[in-house]
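Below is one structure, written out as structure tokens, with a few remarks after it.
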Amino acid sequence: METLIQQIINGLVLGSVYALVALGYTMVYGILGLINFAHGEVVMVGALVALATVKALAALGLPAAVQLPIGLAVAMIACMALGAAIERIAYRPLRNAPRLAPLITAIGVSIVIQYTVVLISGRSYHAYPELLSTRSFDLYGARISPAQIAVILISTAAMAVLLWIVHRTRLGRAMRATAENPEVARLMGVNVDRVISLTFVIGSAMAAVAGVLVSINYSVAHYQMGFVLGLKAFTAAVLGGIGNLAGAMVGGLLLGLIEALGAGYIGDLTGGVFGSNYRDVFAFLVLVLVLIFRPSGLLGERVAERA
Amino acid sequence: MAALLEALNLEVRYGGIVAVRGCSFAVEEGEAVCLIGANGAGKTSTLKALARLLPSGGEIVYAGTPLGNLPAHDLIARGLALVPEGRGIFARLSVAENLVMGAYHRHDDEIGADADRLYTLLPRLAERRNQLAGTLSGGEQQMLAIARALMSRPRLLLLDEPSMGLAPVMVDRIFELLRSVRTQGVTLLLVEQNARLALEVCPRGYVMESGRITLSGLSAELRDDPRVRAAYLGG
Ligand SMILES: Nc1ncnc2c1ncn2[C@@H]1O[C@H](COP(=O)(O)OP(=O)(O)OP(=O)(O)O)[C@@H](O)[C@H]1O
Ligand SMILES: [Mg+2]
């Protein structure tokens, strides 16, 4: 019973991070019909920029309580700029190119970002400082750490802001209109290029938050951390129905739960043949199964003809 | 006085296909002008070029400004609005949100009042204001598309076949709406295949065939022209 509750907590924490990243994939897909496979790298850059900021602030002797919010803010700004640059340089010139071109470009962009980071901060694992207390709370026999609580609270807040933007603001309305019919949106006076750029910017801000949260949670950051995380978040977006915001959030949480519960019980289920180090298998199993049996995802309607 | 809209030798190509071949026409402020023609004549291409959705050759002057290098999204703030072919409503936005999109460029505080006025004029939209626009019938969607364009407070309204695919009763309602738009002083350029109604609402017209303007004049004259009668008015 404790294991179950513990794995549910772990799953929700993991899932909130996947959801944040999945939103970036799904927003870009919704508006451009394009999978931005460089999105995972934005998560990684967010984690490392926050780390550098936090270290600089610590050197100045500022308390941990200030380090985290400032680190997060700097990471978000840096990632928003990066997201805008990726769109402008890598995708906009290919807006009317065959679908394969931006996909290949995305891989190129990923490599460029990864190795730029290697040049700046090396290939090593960076230990994340303890910004929050490590004293866990007891929850029906399971443990929940302040970092885990922070992940859930901050990601929920970030998603609430995103939903508010998309559904309640002028920009959000323009984004939804552009996603549906860019030509008519232009007739309404929408600067479609700007709206697309802002979509990348908002998705990248979410990615920055995710990068910081995941690093706080695992106390580590690395130049390759964006790859698997990005792939899993993409899986979450597909699971929920890519292009659908609610789907990305549901898919993220669900994938987190599947992974945590799978990792918690795989040993028992296979008589100890597979251990929890096989956890990554679950995400990709989910991806394969969804693509075979329900390619439109849980909440998606009409992806098949676009993808 | 110069015309509100003037096109000189307008030309539109799709790769090797020339859809509009050197058309010239003008619309005076306050006028209602129709452009009639059969399928594939180049009417939509003409309107899209005017709205800068397509690159074109020749010259377009609107309100004294050459439109040559203006982006499409700048035109609505200058009073040039297009109700596109096939309505182009945002199906996954509510009726109310569609209307607000029409006022996207506006920052005044009369947007709500304008919407209320349209709701009074079009009670079917008022009843359905919180519904997704995609759930409306074809006729209601056309009403919404026109109402949305009116939310921009247009000076010149371009309409691409607003009667397309609608039952006669609905077509009558749409044209009734257009007549009331005219009386508000909005200049109209109406593209239609329903020549009878178009010539009735608009006092002047052009006939387009295979990318060229072949006839033009007052609607009364066009109605009596044997070529128009044979081709567009059923003899
Ligand atoms: N995207 C396109 N690519 C290639 N050719 C096109 C394209 N759009 C239109 N055309 C061609 O241009 C010509 C004019 O088309 P257009 O849509 O302007 O006609 P229309 O008068 O609006 O016809 P309809 O009454 O059927 O709407 C047609 O021959 C059409 O096949
Ligand atoms: Mg047409």
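So you can find residues: chains in the structure tokens are A, B, ... in the order shown, residues in each start at 1, and ligands are numbered from 1 in order.
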- Task: Would you please give, as a list in words, all residues of segment 70-123 of chain B that DSSP assigns to strand (DSSP E) based on the backbone?
- Result: Leu80, Ala81, Leu82 and Val83 of chain B
Written file, previous selection with C-alpha atoms, as a compact mmCIF listing (two decimals), in the first residue's frame:
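So the final result, stored in out-v9.txt, reads:
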```txt
# COMPACT_ATOMS: atom_id res chain seq x y z
CA LEU B 80 -10.68 46.84 -46.15
CA ALA B 81 -12.37 43.58 -45.10
CA LEU B 82 -12.93 40.35 -47.03
CA VAL B 83 -15.62 37.78 -46.30
```
- Message: Could you list the protein, DNA and RNA residues that have any atom within 12 Å of ligand 2, counting only C-alpha atoms and all ligand atoms, and write them as a VMD selection string?
- Response: chain B and resid 19 35 to 48 83 to 87 159 to 164 190 to 193 208 211
- Message: Could you tell me which residues of chain B sit within 12 Å of chain A when counting only C-alpha atoms, and give me the result as a PyMOL selection string?
- Response: chain B and resi 47-48+50-54+70-94+96-107+133-134+145+148-154+157-158
- Task: Excluding Val181 of chain B and residues on its chain fewer than 3 positions from it, collect all residues at most 12 Å away from it, counting only C-alpha atoms, and give them as an NGL selection string.
- Result: :B and (30-32 or 118 or 121 or 146-147 or 149-151 or 153-157 or 174-178 or 184-188 or 201)
- Item | Close residues, segment 78-91 of chain A itself excluded, 10 Å, only C-alpha atoms, min 6 positions apart in chain, as a PyMOL selection string | chain A and resi 28+32+34+36+38-39+41-47+49-50+72+97+101-103+105-106+108-110+113+193-194+196-209
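Atom pair atom CA of Tyr140 of chain A / atom CA of Glu2 of chain A: separated by 7.2 Å.
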10 Å contact set for Glu127 of chain B, only C-alpha atoms, chain neighbours under 5 positions out, as a PDB file with all heavy atoms, in the first residue's frame:
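Written file, result_8.pdb:
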```pdb
ATOM      1  N   VAL B  95     -19.312  31.567 -31.266  1.00  0.00           N
ATOM      2  CA  VAL B  95     -19.866  32.620 -32.110  1.00  0.00           C
ATOM      3  C   VAL B  95     -19.382  33.984 -31.616  1.00  0.00           C
ATOM      4  O   VAL B  95     -18.910  34.820 -32.391  1.00  0.00           O
ATOM      5  CB  VAL B  95     -21.411  32.539 -32.097  1.00  0.00           C
ATOM      6  CG1 VAL B  95     -22.026  33.777 -32.720  1.00  0.00           C
ATOM      7  CG2 VAL B  95     -21.866  31.277 -32.824  1.00  0.00           C
ATOM      8  N   TYR B 119     -26.151  41.474 -32.800  1.00  0.00           N
ATOM      9  CA  TYR B 119     -27.010  40.443 -32.212  1.00  0.00           C
ATOM     10  C   TYR B 119     -28.483  40.822 -32.346  1.00  0.00           C
ATOM     11  O   TYR B 119     -29.341  39.976 -32.549  1.00  0.00           O
ATOM     12  CB  TYR B 119     -26.668  40.236 -30.733  1.00  0.00           C
ATOM     13  CG  TYR B 119     -25.407  39.427 -30.498  1.00  0.00           C
ATOM     14  CD1 TYR B 119     -24.514  39.791 -29.488  1.00  0.00           C
ATOM     15  CD2 TYR B 119     -25.122  38.291 -31.247  1.00  0.00           C
ATOM     16  CE1 TYR B 119     -23.358  39.056 -29.249  1.00  0.00           C
ATOM     17  CE2 TYR B 119     -23.969  37.549 -31.019  1.00  0.00           C
ATOM     18  CZ  TYR B 119     -23.092  37.937 -30.017  1.00  0.00           C
ATOM     19  OH  TYR B 119     -21.957  37.203 -29.778  1.00  0.00           O
ATOM     20  N   LEU B 122     -29.335  40.197 -35.884  1.00  0.00           N
ATOM     21  CA  LEU B 122     -29.274  38.778 -36.244  1.00  0.00           C
ATOM     22  C   LEU B 122     -29.553  37.922 -35.011  1.00  0.00           C
ATOM     23  O   LEU B 122     -28.637  37.344 -34.428  1.00  0.00           O
ATOM     24  CB  LEU B 122     -27.892  38.450 -36.812  1.00  0.00           C
ATOM     25  CG  LEU B 122     -27.456  39.280 -38.022  1.00  0.00           C
ATOM     26  CD1 LEU B 122     -25.980  39.137 -38.297  1.00  0.00           C
ATOM     27  CD2 LEU B 122     -28.262  38.883 -39.254  1.00  0.00           C
TER      28      LEU B 122
END
```
Please provide as a JSON list (two decimals) with all heavy atoms, in the first residue's frame all residues within 9 Å of Leu261 of chain A, with the sequence filter that same-chain residues fewer than 2 positions apart are discarded (counting only C-alpha atoms).
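File out33.json, as written:
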```
[["chain", "number", "residue", "atom", "x", "y", "z"],
["A", 3, "THR", "N", 3.86, 1.43, -1.10],
["A", 3, "THR", "CA", 4.51, 1.52, -2.41],
["A", 3, "THR", "C", 3.56, 2.16, -3.39],
["A", 3, "THR", "O", 3.95, 3.01, -4.19],
["A", 3, "THR", "CB", 4.86, 0.11, -2.95],
["A", 3, "THR", "OG1", 5.05, -0.76, -1.86],
["A", 3, "THR", "CG2", 6.04, 0.17, -3.86],
["A", 4, "LEU", "N", 2.30, 1.76, -3.34],
["A", 4, "LEU", "CA", 1.33, 2.29, -4.29],
["A", 4, "LEU", "C", 1.23, 3.80, -4.15],
["A", 4, "LEU", "O", 1.37, 4.53, -5.13],
["A", 4, "LEU", "CB", -0.03, 1.64, -4.06],
["A", 4, "LEU", "CG", -1.12, 2.13, -5.01],
["A", 4, "LEU", "CD1", -0.79, 1.77, -6.44],
["A", 4, "LEU", "CD2", -2.48, 1.54, -4.63],
["A", 7, "GLN", "N", 4.39, 5.46, -5.32],
["A", 7, "GLN", "CA", 4.55, 5.50, -6.78],
["A", 7, "GLN", "C", 3.57, 6.48, -7.41],
["A", 7, "GLN", "O", 3.86, 7.07, -8.45],
["A", 7, "GLN", "CB", 4.40, 4.10, -7.40],
["A", 7, "GLN", "CG", 5.48, 3.10, -6.97],
["A", 7, "GLN", "CD", 6.90, 3.61, -7.17],
["A", 7, "GLN", "OE1", 7.15, 4.55, -7.93],
["A", 7, "GLN", "NE2", 7.85, 3.03, -6.46],
["A", 8, "ILE", "N", 2.40, 6.62, -6.80],
["A", 8, "ILE", "CA", 1.45, 7.61, -7.34],
["A", 8, "ILE", "C", 2.02, 9.02, -7.17],
["A", 8, "ILE", "O", 1.98, 9.84, -8.09],
["A", 8, "ILE", "CB", 0.07, 7.46, -6.65],
["A", 8, "ILE", "CG1", -0.60, 6.17, -7.14],
["A", 8, "ILE", "CG2", -0.83, 8.65, -6.99],
["A", 8, "ILE", "CD1", -1.94, 5.88, -6.51],
["A", 10, "ASN", "N", 5.23, 9.81, -6.92],
["A", 10, "ASN", "CA", 6.33, 9.95, -7.88],
["A", 10, "ASN", "C", 5.80, 10.15, -9.30],
["A", 10, "ASN", "O", 6.33, 10.94, -10.08],
["A", 10, "ASN", "CB", 7.22, 8.69, -7.86],
["A", 10, "ASN", "CG", 7.92, 8.51, -6.52],
["A", 10, "ASN", "OD1", 7.89, 9.41, -5.68],
["A", 10, "ASN", "ND2", 8.52, 7.35, -6.31],
["A", 11, "GLY", "N", 4.75, 9.42, -9.60],
["A", 11, "GLY", "CA", 4.17, 9.49, -10.94],
["A", 11, "GLY", "C", 3.59, 10.86, -11.23],
["A", 11, "GLY", "O", 3.76, 11.40, -12.33],
["A", 256, "GLY", "N", 3.37, 9.78, -16.60],
["A", 256, "GLY", "CA", 4.15, 9.78, -15.36],
["A", 256, "GLY", "C", 3.69, 8.65, -14.45],
["A", 256, "GLY", "O", 4.51, 7.92, -13.87],
["A", 257, "LEU", "N", 2.38, 8.50, -14.33],
["A", 257, "LEU", "CA", 1.84, 7.44, -13.46],
["A", 257, "LEU", "C", 2.19, 6.05, -13.99],
["A", 257, "LEU", "O", 2.62, 5.18, -13.24],
["A", 257, "LEU", "CB", 0.32, 7.60, -13.35],
["A", 257, "LEU", "CG", -0.16, 8.75, -12.46],
["A", 257, "LEU", "CD1", -1.66, 8.94, -12.59],
["A", 257, "LEU", "CD2", 0.22, 8.49, -11.00],
["A", 258, "ILE", "N", 2.02, 5.86, -15.31],
["A", 258, "ILE", "CA", 2.33, 4.56, -15.89],
["A", 258, "ILE", "C", 3.79, 4.21, -15.63],
["A", 258, "ILE", "O", 4.12, 3.10, -15.21],
["A", 258, "ILE", "CB", 2.08, 4.58, -17.42],
["A", 258, "ILE", "CG1", 0.58, 4.69, -17.72],
["A", 258, "ILE", "CG2", 2.66, 3.33, -18.08],
["A", 258, "ILE", "CD1", 0.26, 4.95, -19.19],
["A", 259, "GLU", "N", 4.65, 5.21, -15.82],
["A", 259, "GLU", "CA", 6.07, 4.96, -15.66],
["A", 259, "GLU", "C", 6.42, 4.65, -14.21],
["A", 259, "GLU", "O", 7.15, 3.70, -13.91],
["A", 259, "GLU", "CB", 6.83, 6.19, -16.13],
["A", 259, "GLU", "CG", 8.16, 5.84, -16.73],
["A", 259, "GLU", "CD", 8.88, 7.08, -17.22],
["A", 259, "GLU", "OE1", 8.39, 7.67, -18.18],
["A", 259, "GLU", "OE2", 9.90, 7.43, -16.62],
["A", 263, "ALA", "N", 7.61, 1.09, -12.94],
["A", 263, "ALA", "CA", 8.92, 0.93, -12.34],
["A", 263, "ALA", "C", 8.80, 0.31, -10.94],
["A", 263, "ALA", "O", 9.62, -0.49, -10.52],
["A", 263, "ALA", "CB", 9.63, 2.28, -12.26],
["A", 264, "GLY", "N", 7.72, 0.67, -10.23],
["A", 264, "GLY", "CA", 7.54, 0.18, -8.88],
["A", 264, "GLY", "C", 7.20, -1.30, -8.82],
["A", 264, "GLY", "O", 7.51, -1.99, -7.85],
["A", 265, "TYR", "N", 6.54, -1.76, -9.86],
["A", 265, "TYR", "CA", 6.03, -3.14, -9.78],
["A", 265, "TYR", "C", 6.65, -4.10, -10.78],
["A", 265, "TYR", "O", 6.37, -5.29, -10.75],
["A", 265, "TYR", "CB", 4.51, -3.14, -9.95],
["A", 265, "TYR", "CG", 3.81, -2.53, -8.76],
["A", 265, "TYR", "CD1", 3.30, -1.24, -8.81],
["A", 265, "TYR", "CD2", 3.68, -3.25, -7.57],
["A", 265, "TYR", "CE1", 2.69, -0.67, -7.72],
["A", 265, "TYR", "CE2", 3.06, -2.69, -6.46],
["A", 265, "TYR", "CZ", 2.56, -1.40, -6.54],
["A", 265, "TYR", "OH", 1.96, -0.84, -5.45],
["A", 266, "ILE", "N", 7.51, -3.58, -11.67],
["A", 266, "ILE", "CA", 8.02, -4.47, -12.73],
["A", 266, "ILE", "C", 8.80, -5.64, -12.13],
["A", 266, "ILE", "O", 8.71, -6.77, -12.60],
["A", 266, "ILE", "CB", 8.87, -3.69, -13.76],
["A", 266, "ILE", "CG1", 9.25, -4.60, -14.92],
["A", 266, "ILE", "CG2", 10.11, -3.10, -13.11],
["A", 266, "ILE", "CD1", 9.92, -3.90, -16.06]]
```
- Message: Set the distance at 8 Å and use only C-alpha atoms: which residues neighbour Ala127 of chain A once local chain neighbours fewer than 3 positions away are removed? I'd like the list as a PyMOL selection string.
- Response: chain A and resi 219-221
